[in-house]
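Heads up: the structure comes next, in structure tokens.
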Amino acid sequence: MFIASKLTPFLTQPLAWVALLLLVTLLCIQRRPQWALRLGSCTLALLLVLGWEPLPDALLRHLEQQYPPIAHEKIDPSTVGVVVLGGALESAYVWSVPGQSALNDAAERLTEALALLRQRPHLKLLFTGGEGELLGSDLPEAERAKVFFAGQGLCPEHILFEAASRTTYENALLGKQLAGVDSQQPWLLLTSAWHMPRAMATFRQAGWNVSAYPVDFRAGASTPWTQYSMDQGVKKWRLALHEMLGLLAYRLAGRA
């Protein structure tokens, strides 16, 4: 499933659709000029619509609202730890400055974990994440996370790291195999709100006793109708389509 997920980016890349439509338009110019004109017009319309953010925000909001945020005081006092899923750190090749961390748009997965630990220092922290790239490096995300946590004053020896997983399914499967982890006890599962439906279904399917602790909300309660950005719109479409396709694939495979 990991290799398949990396070889099917076309389905979740709206700009790839635009490129394909433009290619077909060019091929039709000589023999079917009317078709080319209509197809080119549709392609331009699609490109413009991709920047209108209320549409992808509606898809993201559908995912994010399935597990609302939890206030610190509402956390079950019997909770023993928090599982933090990888995905908040840039690829290894970006880490070119010694001693400094490189975080991406999902940085809240780490920063909110720190805030949670400051409120409840007795919680165990399990960070799970290997190398999510198809042609990855020899520096898995768990090793990069050690640099981040050490820079924030947390002793890496007090954190559990799982560095072999590449997917959400492997996060759940390999994380529970670590020494010191009892998946039957109550844990918090911390990941991006838009990723939480797939993550919760996968972890519970794998036998974890987890409660959702969503962070990194992207859509908010509502989106102004005037919100338009070609860059942000395409990013949000890609994120929503990737997650919804991933959730469908996991359900078909019996992993969620």
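Just so we're on the same page: first chain in the structure tokens is A, next is B, and so on; residues restart at 1 for each chain, and ligands are numbered from 1 in the order they show up.
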Please report as CSV every residue of segment 127-211 of chain A lying within 6 Å of segment 69-93 of chain A, along with the nearest atom pair and their distance in Å (one decimal), using only C-alpha atoms.
residue,atom,partner,partner_atom,distance
A:Phe127,CA,A:Val84,CA,4.8
A:Thr128,CA,A:Leu85,CA,5.3
A:Gly129,CA,A:Gly86,CA,4.6
A:Pro186,CA,A:Thr79,CA,4.8
A:Trp187,CA,A:Gly81,CA,5.0
A:Leu188,CA,A:Val82,CA,4.5
A:Leu189,CA,A:Val83,CA,4.9
A:Leu190,CA,A:Val84,CA,4.9
A:Thr191,CA,A:Leu85,CA,5.7
I need the alpha helix (DSSP H) residues of segment 145-235 of chain A per DSSP on the backbone, written as a count of residues only.
31
Report as a PyMOL selection string all protein, DNA and RNA residues lying within 9 Å of Glu243 of chain A, evaluated on only C-alpha atoms, omitting residues in the same chain fewer than 6 positions from it.
chain A and resi 12+60+63+194-195+198
Contacts of Thr226 of chain A within 12 Å, only C-alpha atoms, excl. fewer than 6 positions in-chain, as number ranges by chain
A: 51-55
Selection export as a compact mmCIF listing (two decimals), in the first residue's frame, atoms kept: N, CA and C atoms:
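Done, and the output landed in part_23.txt:
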# COMPACT_ATOMS: atom_id res chain seq x y z
N GLY A 51 -8.64 28.03 -7.06
CA GLY A 51 -8.18 29.02 -6.09
C GLY A 51 -9.25 29.52 -5.15
N TRP A 52 -10.52 29.13 -5.38
CA TRP A 52 -11.61 29.59 -4.52
C TRP A 52 -11.68 28.69 -3.29
N GLU A 53 -11.23 29.16 -2.16
CA GLU A 53 -10.98 28.33 -0.98
C GLU A 53 -12.22 27.77 -0.30
N PRO A 54 -13.41 28.40 -0.36
CA PRO A 54 -14.56 27.79 0.31
C PRO A 54 -14.86 26.36 -0.13
N LEU A 55 -14.54 26.00 -1.37
CA LEU A 55 -14.83 24.64 -1.83
C LEU A 55 -13.96 23.59 -1.15
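Going from atom CA of Gly254 of chain A over to atom CA of Arg238 of chain A, you cover 24.0 Å.
Between Gly151 of chain A and the residues A:Leu26, A:Leu50, A:Leu174, A:Leu114, the shortest atom-to-atom distance, using only C-alpha atoms, involves A:Leu114.
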Determine, for each residue of segment 35-61 of chain A having at least one atom at most 9 Å from an atom of segment 22-25 of chain A, the closest pair of atoms and their separation in Å to one decimal, counting only C-alpha atoms; order by chain and ascending number, as CSV.
residue,atom,partner,partner_atom,distance
A:Trp35,CA,A:Thr25,CA,7.7
A:Ala36,CA,A:Thr25,CA,4.8
A:Leu37,CA,A:Thr25,CA,7.6
A:Arg38,CA,A:Thr25,CA,8.7
A:Leu39,CA,A:Thr25,CA,6.0
A:Gly40,CA,A:Thr25,CA,5.9
A:Thr43,CA,A:Leu22,CA,6.9
Export C-alpha atoms of the chosen residues as a compact mmCIF listing (two decimals), in the first residue's frame?
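Printed below is part-v4.txt as written:
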# COMPACT_ATOMS: atom_id res chain seq x y z
CA TRP A 35 -13.13 20.50 -29.24
CA ALA A 36 -9.82 22.13 -28.40
CA LEU A 37 -11.52 25.48 -27.84
CA ARG A 38 -14.13 24.01 -25.53
CA LEU A 39 -11.64 21.87 -23.66
CA GLY A 40 -9.27 24.78 -23.27
CA THR A 43 -9.36 23.89 -18.34
Could you work out how far atom CA of Cys155 of chain A lies from atom CA of Val215 of chain A, giving the answer in Å with one decimal?
23.3 Å
Excluding Ala221 of chain A and residues on its chain fewer than 2 positions from it, collect all residues at most 12 Å away from it, counting only C-alpha atoms, and give them as a VMD selection string.
chain A and resid 54 57 to 58 60 to 62 64 to 65 68 217 to 219 223 to 224
Compile the contact shell of Ala107 of chain A as a compact mmCIF listing (two decimals) with C-alpha atoms, in the first residue's frame: residues with an atom at most 8 Å away, counting only C-alpha atoms, same-chain residues fewer than 2 positions apart removed.
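Saved to selection.txt:
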# COMPACT_ATOMS: atom_id res chain seq x y z
CA ALA A 88 5.23 17.79 10.99
CA LEU A 89 8.85 17.86 9.87
CA LEU A 103 9.01 22.21 10.53
CA ASN A 104 6.29 22.23 7.88
CA ASP A 105 2.62 23.32 7.76
CA ARG A 109 1.58 18.14 15.82
CA LEU A 110 4.81 18.89 17.70
CA THR A 111 4.18 22.29 19.25
CA ASP A 216 -3.64 21.67 13.05
Near-Ala253 of chain A list (12 Å; only C-alpha atoms; drop same-chain fewer than 6 positions) as a compact mmCIF listing (two decimals) with N, CA and C atoms, in the first residue's frame:
# COMPACT_ATOMS: atom_id res chain seq x y z
N MET A 1 0.83 -1.21 0.00
CA MET A 1 0.00 0.00 0.00
C MET A 1 0.86 1.25 0.00
N TYR A 169 -1.16 3.18 9.00
CA TYR A 169 -1.34 1.80 9.42
C TYR A 169 -0.10 1.27 10.13
N THR A 202 -7.92 3.64 12.13
CA THR A 202 -6.80 2.71 11.96
C THR A 202 -6.28 2.23 13.30
N GLN A 205 -8.77 -0.08 14.97
CA GLN A 205 -8.77 -1.36 14.26
C GLN A 205 -7.56 -2.20 14.68
N GLY A 246 -7.29 8.36 0.83
CA GLY A 246 -6.62 7.48 1.77
C GLY A 246 -7.59 6.78 2.70
N LEU A 247 -8.59 7.52 3.17
CA LEU A 247 -9.60 6.92 4.05
C LEU A 247 -10.38 5.83 3.31
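The closest residue to Gln66 of chain A, picked from A:Trp95, A:Arg204, A:Tyr213, A:Ala113 and counting only C-alpha atoms, is A:Tyr213.
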